[in-house]
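A.B. asks: My structure is below; once you've seen it, I'll send some questions.
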Amino acid sequence: MLQSLETHSLHSGDPCFTFPTVGLLALNIGTSVGLGQTFGILIHNDFFAYQFLNGVNPMVIRRCTALPSNFPVTDKMLLHGHSLEDEMKNGNIFLCDYKNFDGLQPNIINGKAQYLMAPLVLLQKTPNDKLMPIAIQLKQTPADDNPIFVPNDPEYDWLLAKTFVRSAEFTEHQLNSHLLRTHLLAEVFAVSLLRNVPRVHPLYKLLMPHMRYTLQINILARYLLVSDNGFFKKNTASGGEALITILQRSLSSLTYRSLCIPDNIADRGLESVPNFYYRDDGLRIWKIINSFVKGILKYYYKSNKEIQKDPELQNWIGDIFKHGFLSKESSGIPKSIPTVDELVKFVTMVIFTCSAQHSAVNTGQYDYGGFMPNTPITLQLPPPTQKGLANENTLLQTLPTISGTFNGMAVMWLLSKRSSDSVILGLYREEYFTEETPCKLIKVFQGELKKLSEDINKRNKSLENESKIPYTYMDPAVMENSVAI
């Protein structure tokens with residue numbers, strides 16, 4: 001395992017991410033090279049911004065059309081001397097807001113208080129189509145001791161600001177985007193299916209391959225990761241009381257539209273953002289899954305009345321609405337399904353969540369979290385309250401302990417590792433469907449996924465030739481059918 005941790009590389013052809021150099025640095029060993037210089041390279045402004053689009057959590061960033069009242073950024077903070085108002089009108093300003101973490105009581109580890117901020121991050125699209133961070137505020141309420149950090153600030157002030165954002169990003173990713181929005185939702189879908197739908201039902205046949213191992217992996221996660229004696233409680237700032245509050249707040253803001261990638265991208269205003277590969281690949285996968293689901297369901301359901309009169313199907317939906325979304329109509333989750341088209345969209349969402357979305361937020365965990373300062377699982381000092389006082393020692397003392405670093409790397413390595421008996425999207429070990437039409441539709445589905453995989457590989461080779469980071473997390477060839485790890 002140690003050997004795997006030391007030799008893993010983010011991407012071949014991208015030497016600055018190769019271990020063991022970065023692994024040794026993360027363990028605070030071999031600091032003959034200045035930490036600020038090395039860390040600055042690895043979390044450069046454009047890479048810091050890139051991760052909001054194509055990192056392990058592309059679910060926070062949104063276009064900013066009006067600045068939040070609690071984030072008093074001025075024109076002087078913008079790049080190239082632009083007006084903030086004009087840049088927002090031109091669609092060039094983006095916001096990441098971690099307000100769900102405001103007022104939390106962070107964890108205490110080995111008697112030492114930990115720190116988790118609720119930052120706001122403003123980014124600007126430059127004329128060369130790159131996103132760049134322009135302002136970071138680490139707490140939600142503006143105050144003299146809560147400065148807005150900008151790229152021109154002293155080196156360690158800016159590095160610390162980005163580090164606190166990346167730590168908040170770890171928590172948002174793991175508890176909301178990953179645990180809640182894929183693992184726990186997949187469990188809701190699976191339990192309701194097993195409770196309400198018989199094995200001979202076409203819905204069971206269609207969905208059961210996408211529930212494989214989900215209940216087992218979630219039982220392990222409850223015991224090993226989020227229990228009172230699990231990884232989060234022992235190692236992360238969000239463990240303990242904060243974890244439950246974060247999940248409660250995240251569930252309260254969970255909507256049906258946010259689970260459907262075409263709606264999600266539109267609602268966040270990200271339709272035209274350049275170099276957004278999660279969106280590009282995800283929309284294509286959604287379309288392919290939707291076409292397959294439509295073919296299967298319209299083969300079995302010839303009219304809307306047949307949908308409405310199917311008690312097993314309606315009970316499945318009703319259980320999801322009641323137990324998964326606590327009967328909150330504000331979520332937009334239907335409590336019944338009246339038409340074939342609405343069923344097609346809902347089932348598409350279920351399959352996409354259990355396969356493509358989980359792949360997007362799971363597969364790259366070690367790629368981006370293996371270098372601990374890029375994704376700190378906790379921070380040990382409070383954020384700076386004034387500028388100009390931080391130095392290299394401040395940053396070292398803020399980062400997690402050696403043991404916490406190792407535990408975090410080990411967990412992210414394990415969760416990113418493809419299982420030996422994985423089943424990729426579109427492959428079916430069990431023959432649930434025997435009729436000619438569904439079997440033909442499966443072949444078409446597999447062919448479209450193969451074509452998408454070829455297109456993604458072609459694009460990624462082009463990116464590598466341009467010394468850019470390839471995006472592989474939505475490639476159907478490496479995407480599991482279900483939430484199985």
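By order of appearance in the structure tokens: chains A, B, ..., then residues from 1 within every chain, and ligands from 1 in the order shown.
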Please provide as an MDAnalysis selection string all residues within 9 Å of Val344 of chain A, with the sequence filter that same-chain residues fewer than 4 positions apart are discarded (counting only C-alpha atoms).

C.D. replies: chainID A and resid 290:291 293:294 297:298 339:340 348:349

A.B. asks: Take the residues from that selection and write them out as a tab-separated table (two decimals), in the first residue's frame, keeping N, CA, C and O atoms.

C.D. replies:
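In the end it all went to out_32.tsv:
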```tsv
chain	number	residue	atom	x	y	z
A	290	ASN	N	-30.61	8.36	-21.40
A	290	ASN	CA	-32.01	8.74	-21.61
A	290	ASN	C	-32.61	8.03	-22.82
A	290	ASN	O	-33.75	7.54	-22.77
A	291	SER	N	-31.85	7.95	-23.89
A	291	SER	CA	-32.33	7.26	-25.09
A	291	SER	C	-32.56	5.77	-24.82
A	291	SER	O	-33.57	5.19	-25.25
A	293	VAL	N	-33.13	4.33	-21.81
A	293	VAL	CA	-34.26	4.20	-20.88
A	293	VAL	C	-35.59	4.41	-21.60
A	293	VAL	O	-36.56	3.68	-21.36
A	294	LYS	N	-35.63	5.39	-22.48
A	294	LYS	CA	-36.86	5.66	-23.22
A	294	LYS	C	-37.26	4.45	-24.06
A	294	LYS	O	-38.44	4.05	-24.10
A	297	LEU	N	-38.55	1.59	-21.56
A	297	LEU	CA	-39.82	1.85	-20.88
A	297	LEU	C	-40.98	1.98	-21.87
A	297	LEU	O	-42.10	1.56	-21.56
A	298	LYS	N	-40.73	2.54	-23.04
A	298	LYS	CA	-41.83	2.67	-24.02
A	298	LYS	C	-42.16	1.33	-24.68
A	298	LYS	O	-43.23	1.17	-25.25
A	339	THR	N	-46.83	10.20	-16.25
A	339	THR	CA	-46.62	9.99	-17.69
A	339	THR	C	-45.36	9.16	-17.94
A	339	THR	O	-44.45	9.08	-17.10
A	340	VAL	N	-45.32	8.57	-19.11
A	340	VAL	CA	-44.15	7.80	-19.52
A	340	VAL	C	-42.92	8.69	-19.60
A	340	VAL	O	-41.83	8.33	-19.15
A	348	THR	N	-33.76	7.92	-15.80
A	348	THR	CA	-32.48	8.40	-16.33
A	348	THR	C	-31.65	9.02	-15.21
A	348	THR	O	-30.45	8.77	-15.09
A	349	MET	N	-32.30	9.84	-14.38
A	349	MET	CA	-31.61	10.48	-13.25
A	349	MET	C	-31.06	9.43	-12.30
A	349	MET	O	-29.92	9.54	-11.81
```

A.B. asks: Need the shell around Lys99 of chain A: protein/DNA/RNA residues with any atom at most 9 Å away, counting only C-alpha atoms. Skip same-chain ones fewer than 4 positions apart. Format as an NGL selection string?

C.D. replies: :A and (118-120 or 139-140)

A.B. asks: May I have the residues within 12 Å of segment 212-226 of chain A as a ChimeraX atom specification, using only C-alpha atoms and disregarding those fewer than 4 positions away in the same chain?

C.D. replies: /A:174-175,178-180,182-192,194,207-208,230-236,238-244,247,351,354-355,358,407-408,411-412,415,419,421-425,428-430,480-485

A.B. asks: Counting only C-alpha atoms, which of A:Ala410, A:Ile377, A:Leu203, A:Val361 gets nearest to Val347 of chain A?

C.D. replies: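 Closest to Val347 of chain A, using only C-alpha atoms: A:Leu203.
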
A.B. asks: Could you please determine the separation between atom CA of Tyr50 of chain A and atom CA of Leu131 of chain A in Å, to one decimal place?

C.D. replies: 6.7 Å

A.B. asks: Using only C-alpha atoms, what does the table of segment 398-481 of chain A residues within 10 Å of segment 262-282 of chain A look like, with each row giving the shortest atom pair and its distance in Å to one decimal, sorted by chain and ascending number, as a tab-separated table?

C.D. replies:
```
residue	atom	partner	partner_atom	distance
A:Leu452	CA	A:Asp281	CA	8.1
A:Ser453	CA	A:Asp281	CA	9.3
A:Asp455	CA	A:Asp281	CA	9.5
A:Ile456	CA	A:Asp281	CA	7.6
A:Arg459	CA	A:Tyr277	CA	9.8
A:Pro470	CA	A:Tyr277	CA	9.0
A:Tyr471	CA	A:Tyr277	CA	6.6
A:Thr472	CA	A:Tyr277	CA	9.1
A:Tyr473	CA	A:Tyr278	CA	8.0
A:Met474	CA	A:Asp281	CA	6.1
A:Asp475	CA	A:Asp281	CA	7.7
A:Pro476	CA	A:Asp281	CA	9.6
```

A.B. asks: Any idea what the distance is between atom CA of Ile108 of chain A and atom CA of Thr385 of chain A?

C.D. replies: 21.5 Å

A.B. asks: Give the alpha helix (DSSP H) residues of segment 313-359 of chain A, as DSSP finds them on the backbone, and put them as a PDB file with N, CA, C and O atoms, in the first residue's frame.

C.D. replies:
```pdb
ATOM      1  N   LEU A 313     -44.868   0.445  -9.357  1.00  0.00           N
ATOM      2  CA  LEU A 313     -44.088   1.598  -9.814  1.00  0.00           C
ATOM      3  C   LEU A 313     -44.386   2.830  -8.969  1.00  0.00           C
ATOM      4  O   LEU A 313     -43.464   3.525  -8.505  1.00  0.00           O
ATOM      5  N   GLN A 314     -45.679   3.101  -8.747  1.00  0.00           N
ATOM      6  CA  GLN A 314     -46.061   4.291  -7.988  1.00  0.00           C
ATOM      7  C   GLN A 314     -45.605   4.188  -6.529  1.00  0.00           C
ATOM      8  O   GLN A 314     -45.220   5.198  -5.913  1.00  0.00           O
ATOM      9  N   ASN A 315     -45.643   3.002  -5.960  1.00  0.00           N
ATOM     10  CA  ASN A 315     -45.147   2.822  -4.590  1.00  0.00           C
ATOM     11  C   ASN A 315     -43.645   3.068  -4.506  1.00  0.00           C
ATOM     12  O   ASN A 315     -43.143   3.597  -3.499  1.00  0.00           O
ATOM     13  N   TRP A 316     -42.919   2.671  -5.566  1.00  0.00           N
ATOM     14  CA  TRP A 316     -41.476   2.923  -5.613  1.00  0.00           C
ATOM     15  C   TRP A 316     -41.190   4.422  -5.563  1.00  0.00           C
ATOM     16  O   TRP A 316     -40.381   4.883  -4.750  1.00  0.00           O
ATOM     17  N   ILE A 317     -41.897   5.163  -6.385  1.00  0.00           N
ATOM     18  CA  ILE A 317     -41.713   6.622  -6.403  1.00  0.00           C
ATOM     19  C   ILE A 317     -42.146   7.228  -5.067  1.00  0.00           C
ATOM     20  O   ILE A 317     -41.464   8.094  -4.504  1.00  0.00           O
ATOM     21  N   GLY A 318     -43.280   6.778  -4.559  1.00  0.00           N
ATOM     22  CA  GLY A 318     -43.811   7.336  -3.318  1.00  0.00           C
ATOM     23  C   GLY A 318     -42.878   7.124  -2.141  1.00  0.00           C
ATOM     24  O   GLY A 318     -42.705   8.019  -1.296  1.00  0.00           O
ATOM     25  N   ASP A 319     -42.245   5.944  -2.070  1.00  0.00           N
ATOM     26  CA  ASP A 319     -41.298   5.666  -0.993  1.00  0.00           C
ATOM     27  C   ASP A 319     -40.066   6.569  -1.080  1.00  0.00           C
ATOM     28  O   ASP A 319     -39.539   7.024  -0.065  1.00  0.00           O
ATOM     29  N   VAL A 340     -45.319   8.567 -19.114  1.00  0.00           N
ATOM     30  CA  VAL A 340     -44.145   7.795 -19.519  1.00  0.00           C
ATOM     31  C   VAL A 340     -42.915   8.692 -19.602  1.00  0.00           C
ATOM     32  O   VAL A 340     -41.827   8.329 -19.155  1.00  0.00           O
ATOM     33  N   ASP A 341     -43.084   9.885 -20.182  1.00  0.00           N
ATOM     34  CA  ASP A 341     -41.952  10.794 -20.343  1.00  0.00           C
ATOM     35  C   ASP A 341     -41.353  11.196 -18.992  1.00  0.00           C
ATOM     36  O   ASP A 341     -40.124  11.286 -18.843  1.00  0.00           O
ATOM     37  N   GLU A 342     -42.194  11.421 -18.013  1.00  0.00           N
ATOM     38  CA  GLU A 342     -41.684  11.788 -16.685  1.00  0.00           C
ATOM     39  C   GLU A 342     -40.976  10.608 -16.034  1.00  0.00           C
ATOM     40  O   GLU A 342     -39.985  10.787 -15.318  1.00  0.00           O
ATOM     41  N   LEU A 343     -41.471   9.404 -16.269  1.00  0.00           N
ATOM     42  CA  LEU A 343     -40.797   8.221 -15.745  1.00  0.00           C
ATOM     43  C   LEU A 343     -39.427   8.053 -16.403  1.00  0.00           C
ATOM     44  O   LEU A 343     -38.446   7.724 -15.729  1.00  0.00           O
ATOM     45  N   VAL A 344     -39.366   8.307 -17.707  1.00  0.00           N
ATOM     46  CA  VAL A 344     -38.093   8.197 -18.429  1.00  0.00           C
ATOM     47  C   VAL A 344     -37.059   9.146 -17.824  1.00  0.00           C
ATOM     48  O   VAL A 344     -35.913   8.760 -17.571  1.00  0.00           O
ATOM     49  N   LYS A 345     -37.447  10.378 -17.564  1.00  0.00           N
ATOM     50  CA  LYS A 345     -36.510  11.340 -16.989  1.00  0.00           C
ATOM     51  C   LYS A 345     -36.072  10.911 -15.595  1.00  0.00           C
ATOM     52  O   LYS A 345     -34.875  10.976 -15.261  1.00  0.00           O
ATOM     53  N   PHE A 346     -37.008  10.453 -14.782  1.00  0.00           N
ATOM     54  CA  PHE A 346     -36.663  10.068 -13.404  1.00  0.00           C
ATOM     55  C   PHE A 346     -35.718   8.869 -13.390  1.00  0.00           C
ATOM     56  O   PHE A 346     -34.730   8.860 -12.637  1.00  0.00           O
ATOM     57  N   VAL A 347     -36.010   7.872 -14.204  1.00  0.00           N
ATOM     58  CA  VAL A 347     -35.157   6.673 -14.240  1.00  0.00           C
ATOM     59  C   VAL A 347     -33.787   7.019 -14.825  1.00  0.00           C
ATOM     60  O   VAL A 347     -32.753   6.489 -14.388  1.00  0.00           O
ATOM     61  N   THR A 348     -33.764   7.920 -15.801  1.00  0.00           N
ATOM     62  CA  THR A 348     -32.478   8.401 -16.329  1.00  0.00           C
ATOM     63  C   THR A 348     -31.651   9.025 -15.211  1.00  0.00           C
ATOM     64  O   THR A 348     -30.452   8.771 -15.087  1.00  0.00           O
ATOM     65  N   MET A 349     -32.300   9.842 -14.382  1.00  0.00           N
ATOM     66  CA  MET A 349     -31.612  10.475 -13.251  1.00  0.00           C
ATOM     67  C   MET A 349     -31.056   9.426 -12.301  1.00  0.00           C
ATOM     68  O   MET A 349     -29.922   9.541 -11.813  1.00  0.00           O
ATOM     69  N   VAL A 350     -31.839   8.385 -12.026  1.00  0.00           N
ATOM     70  CA  VAL A 350     -31.392   7.339 -11.107  1.00  0.00           C
ATOM     71  C   VAL A 350     -30.146   6.646 -11.648  1.00  0.00           C
ATOM     72  O   VAL A 350     -29.139   6.489 -10.942  1.00  0.00           O
ATOM     73  N   ILE A 351     -30.188   6.227 -12.904  1.00  0.00           N
ATOM     74  CA  ILE A 351     -29.044   5.523 -13.490  1.00  0.00           C
ATOM     75  C   ILE A 351     -27.838   6.442 -13.594  1.00  0.00           C
ATOM     76  O   ILE A 351     -26.698   6.039 -13.286  1.00  0.00           O
ATOM     77  N   PHE A 352     -28.045   7.692 -13.997  1.00  0.00           N
ATOM     78  CA  PHE A 352     -26.944   8.659 -14.102  1.00  0.00           C
ATOM     79  C   PHE A 352     -26.298   8.889 -12.734  1.00  0.00           C
ATOM     80  O   PHE A 352     -25.069   8.927 -12.612  1.00  0.00           O
ATOM     81  N   HIS A 358     -21.535   9.335  -9.803  1.00  0.00           N
ATOM     82  CA  HIS A 358     -20.642   8.766  -8.794  1.00  0.00           C
ATOM     83  C   HIS A 358     -19.219   8.661  -9.324  1.00  0.00           C
ATOM     84  O   HIS A 358     -18.251   8.952  -8.602  1.00  0.00           O
ATOM     85  N   SER A 359     -19.064   8.281 -10.565  1.00  0.00           N
ATOM     86  CA  SER A 359     -17.730   8.219 -11.152  1.00  0.00           C
ATOM     87  C   SER A 359     -17.062   9.591 -11.144  1.00  0.00           C
ATOM     88  O   SER A 359     -15.868   9.714 -10.835  1.00  0.00           O
TER      89      SER A 359
END
```

A.B. asks: Determine, counting only C-alpha atoms, which protein, DNA and RNA residues have an atom within 6 Å of an atom of segment 392-401 of chain A; residues of the same chain fewer than 3 positions away are not included. Present the result as a PyMOL selection string.

C.D. replies: chain A and resi 378-381+404-405

A.B. asks: Taking all heavy atoms for each residue, export the selection above as a PDB file, in the first residue's frame.

C.D. replies:
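Final file, result-v3.pdb:
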```
ATOM      1  N   THR A 378      -8.379  18.571   7.341  1.00  0.00           N
ATOM      2  CA  THR A 378      -8.618  19.431   8.497  1.00  0.00           C
ATOM      3  C   THR A 378      -7.515  20.478   8.522  1.00  0.00           C
ATOM      4  O   THR A 378      -6.495  20.335   7.832  1.00  0.00           O
ATOM      5  CB  THR A 378      -8.616  18.629   9.814  1.00  0.00           C
ATOM      6  OG1 THR A 378      -9.024  19.480  10.891  1.00  0.00           O
ATOM      7  CG2 THR A 378      -7.246  18.059  10.118  1.00  0.00           C
ATOM      8  N   LEU A 379      -7.708  21.538   9.298  1.00  0.00           N
ATOM      9  CA  LEU A 379      -6.676  22.559   9.486  1.00  0.00           C
ATOM     10  C   LEU A 379      -6.575  22.865  10.974  1.00  0.00           C
ATOM     11  O   LEU A 379      -7.587  22.895  11.681  1.00  0.00           O
ATOM     12  CB  LEU A 379      -6.998  23.812   8.673  1.00  0.00           C
ATOM     13  CG  LEU A 379      -6.941  23.599   7.150  1.00  0.00           C
ATOM     14  CD1 LEU A 379      -7.455  24.829   6.410  1.00  0.00           C
ATOM     15  CD2 LEU A 379      -5.534  23.255   6.666  1.00  0.00           C
ATOM     16  N   GLN A 380      -5.341  23.121  11.433  1.00  0.00           N
ATOM     17  CA  GLN A 380      -5.088  23.157  12.872  1.00  0.00           C
ATOM     18  C   GLN A 380      -4.935  24.562  13.463  1.00  0.00           C
ATOM     19  O   GLN A 380      -4.844  24.698  14.685  1.00  0.00           O
ATOM     20  CB  GLN A 380      -3.827  22.343  13.189  1.00  0.00           C
ATOM     21  CG  GLN A 380      -3.947  20.879  12.797  1.00  0.00           C
ATOM     22  CD  GLN A 380      -2.805  20.078  13.367  1.00  0.00           C
ATOM     23  OE1 GLN A 380      -2.880  19.553  14.469  1.00  0.00           O
ATOM     24  NE2 GLN A 380      -1.720  19.993  12.610  1.00  0.00           N
ATOM     25  N   LEU A 381      -4.876  25.581  12.624  1.00  0.00           N
ATOM     26  CA  LEU A 381      -4.832  26.958  13.112  1.00  0.00           C
ATOM     27  C   LEU A 381      -5.985  27.738  12.504  1.00  0.00           C
ATOM     28  O   LEU A 381      -6.451  27.413  11.391  1.00  0.00           O
ATOM     29  CB  LEU A 381      -3.501  27.630  12.737  1.00  0.00           C
ATOM     30  CG  LEU A 381      -2.238  27.164  13.467  1.00  0.00           C
ATOM     31  CD1 LEU A 381      -1.045  27.993  12.992  1.00  0.00           C
ATOM     32  CD2 LEU A 381      -2.385  27.253  14.975  1.00  0.00           C
ATOM     33  N   GLY A 404      -2.635  12.328  10.419  1.00  0.00           N
ATOM     34  CA  GLY A 404      -3.867  12.708   9.727  1.00  0.00           C
ATOM     35  C   GLY A 404      -3.678  12.741   8.227  1.00  0.00           C
ATOM     36  O   GLY A 404      -4.554  12.319   7.456  1.00  0.00           O
ATOM     37  N   THR A 405      -2.515  13.222   7.789  1.00  0.00           N
ATOM     38  CA  THR A 405      -2.203  13.251   6.362  1.00  0.00           C
ATOM     39  C   THR A 405      -2.180  11.843   5.783  1.00  0.00           C
ATOM     40  O   THR A 405      -2.790  11.563   4.740  1.00  0.00           O
ATOM     41  CB  THR A 405      -0.841  13.925   6.131  1.00  0.00           C
ATOM     42  OG1 THR A 405      -0.926  15.292   6.516  1.00  0.00           O
ATOM     43  CG2 THR A 405      -0.423  13.848   4.673  1.00  0.00           C
TER      44      THR A 405
END
```

A.B. asks: Atom CA of Ser177 of chain A and atom CA of Pro147 of chain A are how many Å apart?

C.D. replies: 28.4 Å

A.B. asks: Determine, for each residue of segment 115-214 of chain A having at least one atom at most 12 Å from an atom of segment 364-371 of chain A, the closest pair of atoms and their separation in Å to one decimal, counting only C-alpha atoms; order by chain and ascending number, as a tab-separated table.

C.D. replies:
```
residue	atom	partner	partner_atom	distance
A:Arg166	CA	A:Gly369	CA	9.9
A:Ser167	CA	A:Gly369	CA	10.3
A:Glu169	CA	A:Gly369	CA	10.8
A:Phe170	CA	A:Gly369	CA	8.5
A:Thr171	CA	A:Gly369	CA	11.9
A:His173	CA	A:Gln365	CA	9.6
A:Gln174	CA	A:Gln365	CA	9.4
A:His178	CA	A:Gln365	CA	10.3
```

A.B. asks: Of the candidates A:Asp153, A:Asp310, A:Glu172, A:Lys287, which one gets nearest to Glu448 of chain A if we count only C-alpha atoms?

C.D. replies: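 The shortest atom-to-atom distance to Glu448 of chain A comes from A:Lys287.
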